[in-house]
Amino acid sequence: MALRKVSTDASSLRALMTAFGPFLLVTILLPFVMKATNDSTRNWPIDQILRAIREVESSDRENAPDGDQGRAIGIYQIHLSYWVDAIAEKPQLGGTYQDCRQSAYAEQIVRAYMQRHAKEAWQSGNAETIARVHNGGPRGPDKPATQIYWQRVKAHLIP
C-alpha cells in the first residue's frame, strides 16, 4: 500500500510539474536573471557614468589632489598617456596635459578617449566597459584587475 501511495504522489507531482513547471521555473529564476542583467549589462546615461567615475576617482572634488604618485591629475585622475590618446582622437581639443585639472576640459578628454577606445560602449552607455577602459586602458575590459574598479563605479550608479 505504501508503494502505491508513493507512485500516486509521484504521478501527482509529475502532473503538477507538467502543468505549472514552466511558470514556477520562470517565477523562481526571473529575479536572478533580471538582477544579473541589471547589474552588468544595463545601459546608463553617459552623465551618470561620468559622475560615478568622478566619485571613485576624486570623490567628485573639483581640486582633486594628484593620484598614483603624482602621475594622475584632475577630477578624473587622467594619466599623460590617456591625454595623448584622447588628443590623437580629437586634436581640436588642444590644450595641455595640465588642463586636465579643469573639470570641463577633463570631461572632454574622457569623451574623446572613449570615442577612440570604447566607441560602441560609449554609444550604448555600457557602464562596465566604459569604467574598465577608463581604469585599465583600451584592454581594460579584459583585465581581471579592472573588475574591482567596475564594482566601485557600479556602487555609485543611480539605480
# chains A, B, ... in the order shown; residues from 1 in each chain; ligands from 1
call {"tool": "select_by_dssp", "arguments": {"residues": "segment 21-156 of chain A", "states": "helix (DSSP H, G or I)", "output": "JSON, numbers by chain"}}
result
{"A": [21, 22, 23, 24, 25, 26, 27, 28, 29, 30, 31, 32, 33, 34, 35, 36, 37, 38, 39, 40, 41, 46, 47, 48, 49, 50, 51, 52, 53, 54, 55, 56, 57, 58, 80, 81, 82, 83, 84, 85, 86, 87, 88, 89, 91, 92, 93, 97, 98, 99, 100, 101, 103, 104, 105, 106, 107, 108, 109, 110, 111, 112, 113, 114, 115, 116, 117, 119, 120, 121, 122, 123, 124, 127, 128, 129, 130, 131, 132, 133, 134, 135, 136, 140, 141, 142, 145, 146, 147, 148, 149, 150, 151, 152, 153, 154]}
call {"tool": "residues_around", "arguments": {"residues": "Val110 of chain A", "least_positions_apart": "4", "cutoff": "12 Å", "atoms": "only C-alpha atoms", "output": "PyMOL selection string"}}
result
chain A and resi 46-47+49-51+53-54+74-79+82-87+89-90+93+100+103-106+114-119+122+130-131+133-135+137
call {"tool": "write_last_selection", "arguments": {"atoms": "N, CA and C atoms", "output": "compact mmCIF listing (two decimals), in the first residue's frame"}}
result
# COMPACT_ATOMS: atom_id res chain seq x y z
N ILE A 46 25.24 58.62 -20.12
CA ILE A 46 26.66 58.95 -20.04
C ILE A 46 26.95 59.87 -18.86
N ASP A 47 26.09 60.83 -18.61
CA ASP A 47 26.32 61.75 -17.49
C ASP A 47 26.38 61.01 -16.15
N ILE A 49 27.31 57.84 -15.77
CA ILE A 49 28.56 57.07 -15.77
C ILE A 49 29.73 57.98 -15.41
N LEU A 50 29.78 59.15 -16.02
CA LEU A 50 30.86 60.09 -15.74
C LEU A 50 30.85 60.52 -14.27
N ARG A 51 29.67 60.78 -13.73
CA ARG A 51 29.57 61.16 -12.32
C ARG A 51 30.09 60.05 -11.42
N ILE A 53 32.28 57.70 -12.17
CA ILE A 53 33.74 57.62 -12.31
C ILE A 53 34.39 58.74 -11.51
N ARG A 54 33.84 59.95 -11.59
CA ARG A 54 34.40 61.07 -10.80
C ARG A 54 34.34 60.76 -9.30
N GLY A 74 43.59 65.72 -11.80
CA GLY A 74 42.24 66.20 -12.04
C GLY A 74 41.15 65.31 -11.48
N ILE A 75 39.95 65.76 -11.73
CA ILE A 75 38.76 65.12 -11.19
C ILE A 75 38.58 63.69 -11.69
N TYR A 76 39.12 63.38 -12.89
CA TYR A 76 39.05 62.02 -13.45
C TYR A 76 40.36 61.25 -13.27
N GLN A 77 41.36 61.88 -12.63
CA GLN A 77 42.66 61.25 -12.42
C GLN A 77 43.24 60.72 -13.74
N ILE A 78 43.44 61.62 -14.65
CA ILE A 78 43.91 61.30 -16.01
C ILE A 78 45.43 61.23 -16.04
N HIS A 79 45.93 60.17 -16.67
CA HIS A 79 47.37 60.00 -16.88
C HIS A 79 47.78 60.66 -18.20
N TYR A 82 46.85 58.73 -21.39
CA TYR A 82 45.40 58.82 -21.63
C TYR A 82 45.11 60.12 -22.39
N TRP A 83 45.70 61.22 -21.89
CA TRP A 83 45.51 62.52 -22.53
C TRP A 83 46.04 62.50 -23.97
N VAL A 84 47.24 61.92 -24.16
CA VAL A 84 47.84 61.85 -25.50
C VAL A 84 46.91 61.10 -26.46
N ASP A 85 46.36 59.95 -26.02
CA ASP A 85 45.43 59.18 -26.86
C ASP A 85 44.18 59.99 -27.19
N ALA A 86 43.64 60.70 -26.22
CA ALA A 86 42.43 61.49 -26.44
C ALA A 86 42.69 62.61 -27.44
N ILE A 87 43.81 63.27 -27.30
CA ILE A 87 44.17 64.36 -28.22
C ILE A 87 44.41 63.81 -29.63
N GLU A 89 42.79 61.40 -30.90
CA GLU A 89 41.44 61.17 -31.43
C GLU A 89 40.76 62.49 -31.81
N LYS A 90 41.00 63.51 -31.00
CA LYS A 90 40.29 64.79 -31.20
C LYS A 90 41.27 65.95 -31.01
N LEU A 93 40.70 69.62 -29.58
CA LEU A 93 40.58 69.96 -28.16
C LEU A 93 41.72 70.85 -27.71
N CYS A 100 43.94 69.16 -17.76
CA CYS A 100 43.08 68.10 -17.22
C CYS A 100 42.70 68.35 -15.76
N SER A 103 37.79 70.59 -14.69
CA SER A 103 36.82 69.51 -14.88
C SER A 103 36.17 69.50 -16.27
N ALA A 104 35.84 70.67 -16.81
CA ALA A 104 35.18 70.70 -18.13
C ALA A 104 36.12 70.16 -19.22
N TYR A 105 37.37 70.56 -19.16
CA TYR A 105 38.35 70.07 -20.14
C TYR A 105 38.58 68.57 -19.93
N ALA A 106 38.73 68.16 -18.69
CA ALA A 106 38.97 66.74 -18.38
C ALA A 106 37.83 65.88 -18.92
N MET A 114 37.12 57.75 -24.88
CA MET A 114 36.12 56.69 -25.03
C MET A 114 35.69 56.53 -26.48
N GLN A 115 35.59 57.64 -27.20
CA GLN A 115 35.22 57.54 -28.61
C GLN A 115 36.31 56.82 -29.40
N ARG A 116 37.53 56.89 -28.91
CA ARG A 116 38.63 56.19 -29.58
C ARG A 116 38.72 54.72 -29.17
N HIS A 117 38.57 54.44 -27.88
CA HIS A 117 38.86 53.09 -27.38
C HIS A 117 37.65 52.28 -26.95
N ALA A 118 36.48 52.90 -26.87
CA ALA A 118 35.27 52.17 -26.44
C ALA A 118 34.04 52.75 -27.14
N LYS A 119 34.15 52.90 -28.43
CA LYS A 119 33.13 53.61 -29.20
C LYS A 119 31.73 52.99 -29.03
N TRP A 122 30.46 53.42 -25.50
CA TRP A 122 30.14 54.83 -25.27
C TRP A 122 28.78 55.16 -25.89
N ILE A 130 32.95 51.07 -20.14
CA ILE A 130 33.48 52.42 -20.04
C ILE A 130 34.36 52.56 -18.79
N ALA A 131 33.87 52.08 -17.66
CA ALA A 131 34.63 52.17 -16.42
C ALA A 131 35.94 51.39 -16.52
N VAL A 133 37.63 50.52 -19.22
CA VAL A 133 38.55 51.17 -20.16
C VAL A 133 39.18 52.39 -19.50
N HIS A 134 38.38 53.16 -18.79
CA HIS A 134 38.93 54.33 -18.10
C HIS A 134 40.03 53.91 -17.12
N ASN A 135 39.81 52.84 -16.43
CA ASN A 135 40.75 52.39 -15.41
C ASN A 135 41.94 51.61 -15.98
N GLY A 137 42.74 51.16 -19.53
CA GLY A 137 43.16 51.41 -20.90
C GLY A 137 42.34 50.64 -21.91
call {"tool": "closest_residue", "arguments": {"among": "A:Val56, A:Ala112, A:Ala72, A:Gln147", "to": "Pro91 of chain A", "atoms": "only C-alpha atoms"}}
result
A:Ala112
call {"tool": "atom_distance", "arguments": {"atom1": "atom CA of Gln108 of chain A", "atom2": "atom CA of Pro144 of chain A"}}
result
27.3 Å
call {"tool": "closest_residue", "arguments": {"among": "A:Arg101, A:Gly140, A:Gln92, A:Glu107", "to": "Gly67 of chain A", "atoms": "only C-alpha atoms"}}
result
A:Arg101
